[in-house]
$ cat coords15.txt   # compact mmCIF, C-alpha atoms and all ligand atoms
# COMPACT_ATOMS: atom_id res chain seq x y z
CA MET A 225 -155.84 -32.06 153.91
CA LYS A 226 -156.18 -28.31 153.77
CA PHE A 227 -153.29 -25.82 154.09
CA ILE A 228 -153.66 -22.25 155.35
CA VAL A 229 -150.40 -20.35 154.81
CA CYS A 230 -150.10 -17.27 157.02
CA ASN A 231 -147.73 -14.30 156.94
CA ASN A 232 -146.61 -14.64 160.53
CA TYR A 233 -147.05 -16.35 163.89
CA GLN A 234 -149.76 -13.95 165.04
CA GLU A 235 -151.87 -14.73 161.99
CA ILE A 236 -151.48 -18.49 162.65
CA SER A 237 -152.59 -17.96 166.26
CA LYS A 238 -155.63 -15.85 165.29
CA LYS A 239 -156.74 -18.29 162.59
CA ALA A 240 -156.40 -21.31 164.90
CA ALA A 241 -158.25 -19.54 167.73
CA GLU A 242 -161.10 -18.61 165.36
CA ILE A 243 -161.52 -22.24 164.27
CA ILE A 244 -161.51 -23.44 167.90
CA ALA A 245 -163.93 -20.66 168.93
CA ASP A 246 -166.33 -21.71 166.16
CA VAL A 247 -166.36 -25.27 167.51
CA ILE A 248 -167.04 -23.98 171.05
CA LYS A 249 -169.85 -21.69 169.83
CA ALA A 250 -171.50 -24.50 167.85
CA LYS A 251 -171.16 -26.97 170.76
CA PRO A 252 -170.68 -25.29 174.15
CA ASP A 253 -170.03 -28.67 175.83
CA CYS A 254 -167.45 -29.73 173.25
CA ILE A 255 -164.29 -31.69 173.97
CA LEU A 256 -161.01 -30.02 173.07
CA GLY A 257 -157.84 -31.97 172.44
CA LEU A 258 -155.03 -29.66 173.56
CA ALA A 259 -151.32 -29.53 172.84
CA THR A 260 -148.23 -28.09 174.52
CA GLY A 261 -144.97 -26.79 173.06
CA SER A 262 -144.27 -23.18 172.19
CA THR A 263 -146.38 -23.15 169.01
CA PRO A 264 -149.92 -23.13 170.52
CA VAL A 265 -149.09 -20.45 173.12
CA GLY A 266 -150.24 -17.61 170.81
CA THR A 267 -153.49 -19.46 170.07
CA TYR A 268 -154.11 -19.85 173.81
CA LYS A 269 -153.50 -16.10 174.27
CA GLU A 270 -156.13 -15.37 171.61
CA LEU A 271 -158.62 -17.77 173.27
CA ILE A 272 -157.99 -16.10 176.66
CA ALA A 273 -158.71 -12.69 175.09
CA MET A 274 -161.93 -13.98 173.48
CA ASN A 275 -163.01 -15.46 176.81
CA LYS A 276 -162.28 -12.22 178.69
CA ALA A 277 -164.19 -10.25 176.05
CA GLY A 278 -167.20 -12.56 176.57
CA ASP A 279 -167.12 -13.96 173.02
CA ILE A 280 -166.69 -17.56 174.17
CA SER A 281 -167.12 -19.49 177.39
CA PHE A 282 -165.33 -22.62 178.56
CA LYS A 283 -167.76 -23.27 181.45
CA THR A 284 -169.06 -26.51 179.93
CA VAL A 285 -166.00 -27.37 177.80
CA LYS A 286 -163.88 -30.42 178.63
CA SER A 287 -160.27 -30.87 177.58
CA TYR A 288 -157.85 -33.74 177.11
CA ASN A 289 -154.17 -33.06 176.50
CA LEU A 290 -152.04 -35.05 174.10
CA ASP A 291 -149.15 -36.03 176.32
CA GLU A 292 -147.11 -35.63 179.49
CA TYR A 293 -143.51 -36.36 180.37
CA TYR A 294 -142.87 -39.48 182.48
CA PRO A 295 -142.00 -39.45 185.24
CA ILE A 296 -142.76 -35.87 186.25
CA SER A 297 -144.69 -34.19 189.03
CA PRO A 298 -147.56 -31.85 188.05
CA ASP A 299 -145.88 -29.16 190.20
CA ASN A 300 -142.67 -29.31 188.18
CA ASP A 301 -142.61 -26.14 186.07
CA GLN A 302 -141.63 -28.23 183.05
CA SER A 303 -144.62 -30.57 183.34
CA TYR A 304 -147.30 -30.17 180.72
CA ARG A 305 -149.91 -29.84 183.51
CA TYR A 306 -148.03 -26.80 184.81
CA PHE A 307 -147.73 -25.44 181.26
CA MET A 308 -151.44 -25.76 180.58
CA ASN A 309 -152.41 -24.13 183.88
CA GLU A 310 -150.03 -21.23 183.25
CA ASN A 311 -150.75 -20.70 179.56
CA LEU A 312 -154.49 -21.33 179.45
CA PHE A 313 -156.52 -22.86 182.26
CA ASN A 314 -155.69 -20.28 184.98
CA HIS A 315 -156.90 -17.46 182.71
CA ILE A 316 -160.25 -18.80 181.43
CA ASP A 317 -163.57 -19.81 182.98
CA ILE A 318 -162.98 -23.57 182.56
CA ASP A 319 -163.77 -25.90 185.46
CA MET A 320 -160.35 -27.40 186.40
CA ALA A 321 -162.10 -30.73 187.04
CA ASN A 322 -162.92 -30.81 183.32
CA THR A 323 -159.25 -30.48 182.29
CA HIS A 324 -157.47 -33.78 181.80
CA LEU A 325 -153.83 -34.67 181.35
CA LEU A 326 -152.10 -38.01 181.58
CA ASP A 327 -150.66 -38.51 185.08
CA GLY A 328 -146.87 -38.19 184.91
CA GLU A 329 -146.66 -39.86 188.31
CA ALA A 330 -148.92 -42.84 187.57
CA LYS A 331 -147.67 -45.97 189.38
CA ASP A 332 -149.00 -48.14 186.57
CA PRO A 333 -148.46 -46.15 183.35
CA ASP A 334 -150.08 -48.82 181.14
CA ALA A 335 -153.27 -48.77 183.18
CA GLU A 336 -153.20 -44.94 183.16
CA CYS A 337 -152.98 -44.93 179.34
CA LYS A 338 -155.78 -47.45 178.90
CA ALA A 339 -158.02 -45.50 181.28
CA TYR A 340 -157.28 -42.26 179.37
CA ASP A 341 -158.45 -43.68 176.03
CA LYS A 342 -161.57 -45.09 177.73
CA ALA A 343 -162.33 -41.75 179.38
CA ILE A 344 -162.09 -39.88 176.05
CA GLU A 345 -164.39 -42.42 174.43
CA ALA A 346 -166.87 -42.28 177.33
CA ALA A 347 -166.91 -38.47 177.11
CA GLY A 348 -167.99 -38.74 173.47
CA GLY A 349 -164.66 -38.29 171.65
CA ILE A 350 -162.63 -35.21 170.83
CA ASP A 351 -164.39 -32.57 168.70
CA ILE A 352 -161.25 -30.67 167.73
CA GLN A 353 -157.66 -31.71 168.25
CA ILE A 354 -154.89 -29.10 168.21
CA LEU A 355 -151.47 -30.39 167.20
CA GLY A 356 -147.98 -28.97 167.00
CA ILE A 357 -145.27 -30.84 165.15
CA GLY A 358 -141.75 -31.82 166.14
CA ARG A 359 -138.97 -30.90 163.75
CA ASN A 360 -138.61 -34.65 163.06
CA GLY A 361 -142.33 -34.91 162.25
CA HIS A 362 -143.45 -36.28 165.62
CA ILE A 363 -146.96 -35.50 166.77
CA ALA A 364 -147.69 -35.57 170.49
CA PHE A 365 -144.81 -37.92 171.43
CA ASN A 366 -145.32 -40.35 168.55
CA GLU A 367 -141.72 -40.41 167.40
CA PRO A 368 -140.46 -41.58 163.98
CA ASP A 369 -140.09 -45.37 164.06
CA GLU A 370 -140.60 -48.50 161.97
CA ALA A 371 -143.97 -49.02 163.60
CA LEU A 372 -146.24 -46.54 165.35
CA ILE A 373 -148.47 -47.40 168.29
CA ALA A 374 -152.24 -46.95 167.95
CA PRO A 375 -153.52 -46.43 171.52
CA THR A 376 -152.27 -44.10 174.27
CA HIS A 377 -149.00 -45.52 175.57
CA LYS A 378 -145.69 -44.95 177.35
CA THR A 379 -142.84 -44.15 174.98
CA GLY A 380 -139.16 -43.21 174.93
CA LEU A 381 -138.12 -39.84 173.51
CA THR A 382 -135.63 -39.63 170.64
CA ALA A 383 -132.30 -37.84 171.04
CA ASP A 384 -133.61 -35.16 168.62
CA THR A 385 -136.69 -34.46 170.74
CA ILE A 386 -134.67 -34.41 173.97
CA ASP A 387 -132.31 -31.94 172.30
CA ALA A 388 -135.19 -29.76 170.95
CA ASN A 389 -136.98 -29.74 174.32
CA SER A 390 -133.82 -29.16 176.37
CA ARG A 391 -134.22 -25.41 175.69
CA PHE A 392 -136.90 -25.35 178.38
CA PHE A 393 -134.79 -27.23 180.97
CA GLU A 394 -131.63 -26.15 182.77
CA SER A 395 -129.72 -28.91 180.98
CA ALA A 396 -130.42 -31.75 178.54
CA ASP A 397 -129.89 -34.38 181.32
CA LEU A 398 -132.93 -32.98 183.12
CA VAL A 399 -135.30 -33.68 180.18
CA PRO A 400 -137.29 -36.81 181.08
CA LYS A 401 -136.43 -39.71 178.75
CA HIS A 402 -139.99 -41.01 178.60
CA ALA A 403 -143.51 -39.73 178.14
CA LEU A 404 -147.11 -40.88 178.13
CA THR A 405 -148.72 -39.97 174.85
CA MET A 406 -151.94 -40.34 172.95
CA GLY A 407 -151.28 -42.83 170.15
CA MET A 408 -152.04 -42.40 166.47
CA ALA A 409 -155.51 -43.99 166.78
CA SER A 410 -156.34 -41.87 169.83
CA ILE A 411 -155.44 -38.74 167.82
CA PHE A 412 -157.28 -39.95 164.73
CA GLY A 413 -160.44 -40.40 166.81
CA ALA A 414 -160.84 -36.60 166.80
CA ARG A 415 -163.55 -35.36 164.45
CA LYS A 416 -161.47 -32.37 163.37
CA ILE A 417 -157.71 -31.76 163.58
CA ILE A 418 -155.68 -28.56 163.20
CA LEU A 419 -151.89 -28.70 163.07
CA LEU A 420 -149.90 -25.53 163.70
CA ALA A 421 -146.33 -24.99 162.53
CA ASN A 422 -144.12 -21.96 162.31
CA GLY A 423 -140.50 -21.33 161.44
CA ALA A 424 -137.93 -22.87 159.13
CA SER A 425 -137.05 -25.64 161.62
CA LYS A 426 -140.41 -27.27 160.75
CA ALA A 427 -139.99 -26.95 156.95
CA GLU A 428 -138.47 -30.44 156.39
CA ALA A 429 -141.31 -32.11 158.29
CA ILE A 430 -143.96 -30.02 156.49
CA LYS A 431 -142.40 -30.75 153.08
CA GLU A 432 -143.20 -34.42 153.65
CA LEU A 433 -146.75 -33.50 154.63
CA LEU A 434 -147.04 -31.76 151.26
CA SER A 435 -145.79 -34.86 149.38
CA ASP A 436 -148.02 -37.84 148.49
CA GLU A 437 -146.17 -40.22 150.81
CA ILE A 438 -147.26 -41.67 154.12
CA LYS A 439 -144.40 -43.00 156.23
CA THR A 440 -143.82 -43.86 159.85
CA SER A 441 -140.45 -42.08 159.72
CA ASN A 442 -142.57 -38.90 159.74
CA PRO A 443 -145.62 -39.70 161.88
CA SER A 444 -147.39 -36.48 160.85
CA THR A 445 -147.75 -37.85 157.28
CA LEU A 446 -150.37 -40.30 158.57
CA LEU A 447 -152.66 -37.31 158.96
CA LYS A 448 -153.26 -37.62 155.20
CA LEU A 449 -155.58 -40.52 156.08
CA HIS A 450 -157.90 -38.35 158.20
CA ASN A 451 -160.77 -36.56 156.46
CA ASP A 452 -160.75 -33.25 158.35
CA VAL A 453 -157.23 -31.91 158.85
CA THR A 454 -156.16 -28.29 158.43
CA ILE A 455 -152.48 -27.32 158.55
CA ILE A 456 -152.01 -23.71 159.62
CA CYS A 457 -148.43 -22.61 159.04
CA ASP A 458 -146.30 -19.64 158.12
CA LYS A 459 -144.34 -19.23 154.89
CA GLU A 460 -141.07 -20.39 156.50
CA ALA A 461 -142.58 -23.70 157.64
CA TYR A 462 -144.35 -24.06 154.28
CA GLY A 463 -140.95 -23.69 152.61
CA GLU A 464 -141.65 -20.55 150.60
C1 LIG A 501 -143.16 -31.47 172.08
C2 LIG A 501 -144.63 -31.89 172.21
C3 LIG A 501 -145.34 -31.85 170.88
C4 LIG A 501 -145.04 -30.54 170.18
C5 LIG A 501 -143.57 -30.42 169.93
C6 LIG A 501 -143.17 -29.15 169.18
O1 LIG A 501 -142.33 -32.53 171.77
N1 LIG A 501 -144.80 -33.19 172.78
O2 LIG A 501 -146.74 -32.00 171.11
O3 LIG A 501 -145.76 -30.48 168.97
O4 LIG A 501 -142.91 -30.43 171.18
O5 LIG A 501 -142.93 -28.11 170.06
P1 LIG A 501 -142.78 -26.59 169.67
O6 LIG A 501 -144.16 -26.10 169.36
O7 LIG A 501 -142.21 -25.94 170.87
O8 LIG A 501 -141.89 -26.54 168.48
$ encode --input "coords15.txt" --output "structure tokens"
Amino acid sequence: MKFIVCNNYQEISKKAAEIIADVIKAKPDCILGLATGSTPVGTYKELIAMNKAGDISFKTVKSYNLDEYYPISPDNDQSYRYFMNENLFNHIDIDMANTHLLDGEAKDPDAECKAYDKAIEAAGGIDIQILGIGRNGHIAFNEPDEALIAPTHKTGLTADTIDANSRFFESADLVPKHALTMGMASIFGARKIILLANGASKAEAIKELLSDEIKTSNPSTLLKLHNDVTIICDKEAYGE
């Protein structure tokens, strides 16, 4: 696991965008694993600027997002589909048909999750997965627990995550209590992973990433088992 410690959020965003752009340049029909949350927004802004400047093109790129609330309509401005359209897809030359998110309205969520893993596999697997991290160490919506689930699945959100994510909703009661999320194995299938973290609220979780331990009470620590992971964080998250 490699750490890149940056001076500020803008540096994190630039570094992450450069790594993603290199993957796109090397493989124009690559598959991106995308994340939501406030952390990757700066990276998406950098990618939009690179696309507008003609440095990279998304015309043949496909994307799969990590997770989606459940239940939620794609038109809800708190859905991750809405977030991705607003923060990235609407501003780049990607074919919308090539952008994939779990369906927050799926009638049969288990079938939806199974089909999602199959579709990623059939497409050839994710070339680069972008991750944020919850302040409790969750990645995507794989929450701390005694056991973690390998494939894409429906999950409940912890009180801590509902509280952290309530800042985007009018009130905490409006935060959906469930989500569909890529599982640990689905995430580990990516050939390359970058995890972005900024701010002191992530320092506890990152401290455990820096230790030698792997524990399901901090799902991000499992990333130590993957052979191509880069953590891009600022000094506050790194605990300096
Ligand atoms: C949500 C998402 C995660 C994300 C986390 C951190 O729970 N499901 O994928 O990493 O929030 O969000 P933020 O970047 O806003 O701190």
$ axis_aligned_box --input "coords15.txt" --around "stretch 440-444 of chain A" --padding-each-side "8 Å" --output "AutoDock Vina command-line options"
--center_x -143.9 --center_y -40.2 --center_z 160.8 --size_x 22.9 --size_y 23.4 --size_z 18.2
$ residues_around --input "coords15.txt" --residues "stretch 419-428 of chain A" --least-positions-apart "3" --cutoff "7 Å" --atoms "all atoms listed in the file" --output "PyMOL selection string"
chain A and resi 233+263+354-357+359+431-432+454-458+460-463
$ closest_atom_pairs --input "coords15.txt" --of "chain A" --to "ligand LIG 501 (chain A)" --cutoff "7 Å" --atoms "only C-alpha atoms and all ligand atoms" --output "tab-separated table"
residue	atom	partner	partner_atom	distance
A:Ala259	CA	A:LIG501	O2	5.5
A:Thr260	CA	A:LIG501	O2	5.4
A:Gly261	CA	A:LIG501	O7	3.6
A:Ser262	CA	A:LIG501	O7	3.7
A:Thr263	CA	A:LIG501	O6	3.7
A:Pro264	CA	A:LIG501	O6	6.6
A:Leu290	CA	A:LIG501	O2	6.8
A:Asp291	CA	A:LIG501	N1	6.3
A:Leu355	CA	A:LIG501	O3	6.0
A:Gly356	CA	A:LIG501	O3	3.3
A:Ile357	CA	A:LIG501	O3	3.9
A:Gly358	CA	A:LIG501	C6	4.3
A:Ile363	CA	A:LIG501	O2	5.6
A:Ala364	CA	A:LIG501	O2	3.7
A:Phe365	CA	A:LIG501	N1	4.9
A:Thr385	CA	A:LIG501	O1	6.0
A:Asn389	CA	A:LIG501	O1	6.6
$ residues_around --input "coords15.txt" --residues "stretch 317-321 of chain A" --least-positions-apart "4" --cutoff "9 Å" --atoms "all atoms listed in the file" --output "list of chain:residue names"
A:Asn275, A:Lys276, A:Ser281, A:Phe282, A:Lys283, A:Thr284, A:Val285, A:Lys286, A:Asn309, A:Phe313
$ closest_residue --input "coords15.txt" --among "A:Ala371, A:Lys226, A:Ala388, A:Thr382" --to "A:Lys416" --atoms "all atoms listed in the file"
A:Lys226
$ closest_residue --input "coords15.txt" --among "A:Ser390, A:Ser435, A:Ser444, A:Thr376" --to "A:Cys337" --atoms "all atoms listed in the file"
A:Thr376
$ residues_around --input "coords15.txt" --residues "A:Tyr288" --least-positions-apart "6" --cutoff "9 Å" --atoms "only C-alpha atoms" --output "list in words"
Ile255, Leu256, Gly257, Leu258, Ala259, Asn322, Thr323, His324, Leu325, Leu326, Tyr340, Ile344 and Ile350 of chain A
$ closest_residue --input "coords15.txt" --among "A:Ile280, A:Ala347, A:Ala335, A:Ile418" --to "A:Ile316" --atoms "only C-alpha atoms"
A:Ile280
$ closest_residue --input "coords15.txt" --among "A:Ile243, A:Leu447, A:Leu398, A:Ile430" --to "A:Pro295" --atoms "all atoms listed in the file"
A:Leu398
$ closest_residue --input "coords15.txt" --among "A:Met408, A:Lys238, A:Asp253, A:Ile272" --to "A:Ser287" --atoms "all atoms listed in the file"
A:Asp253
$ atom_distance --input "coords15.txt" --atom1 "atom CA of A:Gly407" --atom2 "atom CA of A:Leu434"
22.3 Å
$ build_atoms --input "coords15.txt" --residues "stretch 253-273 of chain A" --atoms "N, CA, C and O atoms" --output "short mmCIF file (atom, residue, chain, number, x, y, z; two decimals), in the coordinates of the input"
data_model
loop_
_atom_site.label_atom_id
_atom_site.label_comp_id
_atom_site.auth_asym_id
_atom_site.auth_seq_id
_atom_site.Cartn_x
_atom_site.Cartn_y
_atom_site.Cartn_z
N ASP A 253 -170.59 -27.61 174.96
CA ASP A 253 -170.03 -28.67 175.83
C ASP A 253 -169.08 -29.57 175.02
O ASP A 253 -169.02 -30.77 175.25
N CYS A 254 -168.34 -28.95 174.12
CA CYS A 254 -167.45 -29.73 173.25
C CYS A 254 -166.23 -30.23 174.03
O CYS A 254 -165.95 -29.80 175.15
N ILE A 255 -165.51 -31.14 173.39
CA ILE A 255 -164.29 -31.69 173.97
C ILE A 255 -163.10 -31.23 173.13
O ILE A 255 -163.03 -31.51 171.92
N LEU A 256 -162.20 -30.52 173.77
CA LEU A 256 -161.01 -30.02 173.07
C LEU A 256 -159.84 -30.96 173.33
O LEU A 256 -159.62 -31.39 174.46
N GLY A 257 -159.10 -31.25 172.30
CA GLY A 257 -157.84 -31.97 172.44
C GLY A 257 -156.74 -30.93 172.39
O GLY A 257 -156.59 -30.24 171.38
N LEU A 258 -155.99 -30.78 173.48
CA LEU A 258 -155.03 -29.66 173.56
C LEU A 258 -153.59 -30.14 173.47
O LEU A 258 -153.27 -31.28 173.78
N ALA A 259 -152.73 -29.21 173.06
CA ALA A 259 -151.32 -29.53 172.84
C ALA A 259 -150.44 -28.55 173.61
O ALA A 259 -150.86 -27.43 173.93
N THR A 260 -149.22 -28.97 173.88
CA THR A 260 -148.23 -28.09 174.52
C THR A 260 -147.15 -27.74 173.50
O THR A 260 -147.37 -27.90 172.30
N GLY A 261 -146.01 -27.28 173.97
CA GLY A 261 -144.97 -26.79 173.06
C GLY A 261 -145.16 -25.30 172.90
O GLY A 261 -146.18 -24.73 173.31
N SER A 262 -144.18 -24.64 172.30
CA SER A 262 -144.27 -23.18 172.19
C SER A 262 -145.29 -22.75 171.14
O SER A 262 -145.88 -21.67 171.24
N THR A 263 -145.54 -23.58 170.13
CA THR A 263 -146.38 -23.15 169.01
C THR A 263 -147.81 -22.75 169.41
O THR A 263 -148.28 -21.70 168.95
N PRO A 264 -148.53 -23.53 170.23
CA PRO A 264 -149.92 -23.13 170.52
C PRO A 264 -150.08 -21.98 171.53
O PRO A 264 -151.21 -21.53 171.76
N VAL A 265 -148.98 -21.48 172.08
CA VAL A 265 -149.09 -20.45 173.12
C VAL A 265 -149.85 -19.21 172.61
O VAL A 265 -150.73 -18.67 173.29
N GLY A 266 -149.56 -18.78 171.39
CA GLY A 266 -150.24 -17.61 170.81
C GLY A 266 -151.74 -17.86 170.63
O GLY A 266 -152.57 -16.97 170.86
N THR A 267 -152.08 -19.09 170.24
CA THR A 267 -153.49 -19.46 170.07
C THR A 267 -154.20 -19.39 171.43
O THR A 267 -155.32 -18.88 171.55
N TYR A 268 -153.52 -19.90 172.48
CA TYR A 268 -154.11 -19.85 173.81
C TYR A 268 -154.31 -18.40 174.26
O TYR A 268 -155.31 -18.06 174.87
N LYS A 269 -153.36 -17.53 173.91
CA LYS A 269 -153.50 -16.10 174.27
C LYS A 269 -154.74 -15.52 173.61
O LYS A 269 -155.50 -14.76 174.22
N GLU A 270 -154.96 -15.87 172.34
CA GLU A 270 -156.13 -15.37 171.61
C GLU A 270 -157.42 -15.90 172.26
O GLU A 270 -158.40 -15.15 172.41
N LEU A 271 -157.42 -17.18 172.64
CA LEU A 271 -158.62 -17.77 173.27
C LEU A 271 -158.90 -17.09 174.61
O LEU A 271 -160.06 -16.84 174.96
N ILE A 272 -157.83 -16.79 175.37
CA ILE A 272 -157.99 -16.10 176.66
C ILE A 272 -158.64 -14.73 176.42
O ILE A 272 -159.59 -14.35 177.11
N ALA A 273 -158.16 -14.03 175.40
CA ALA A 273 -158.71 -12.69 175.09
C ALA A 273 -160.19 -12.80 174.69
O ALA A 273 -161.02 -11.99 175.13
#
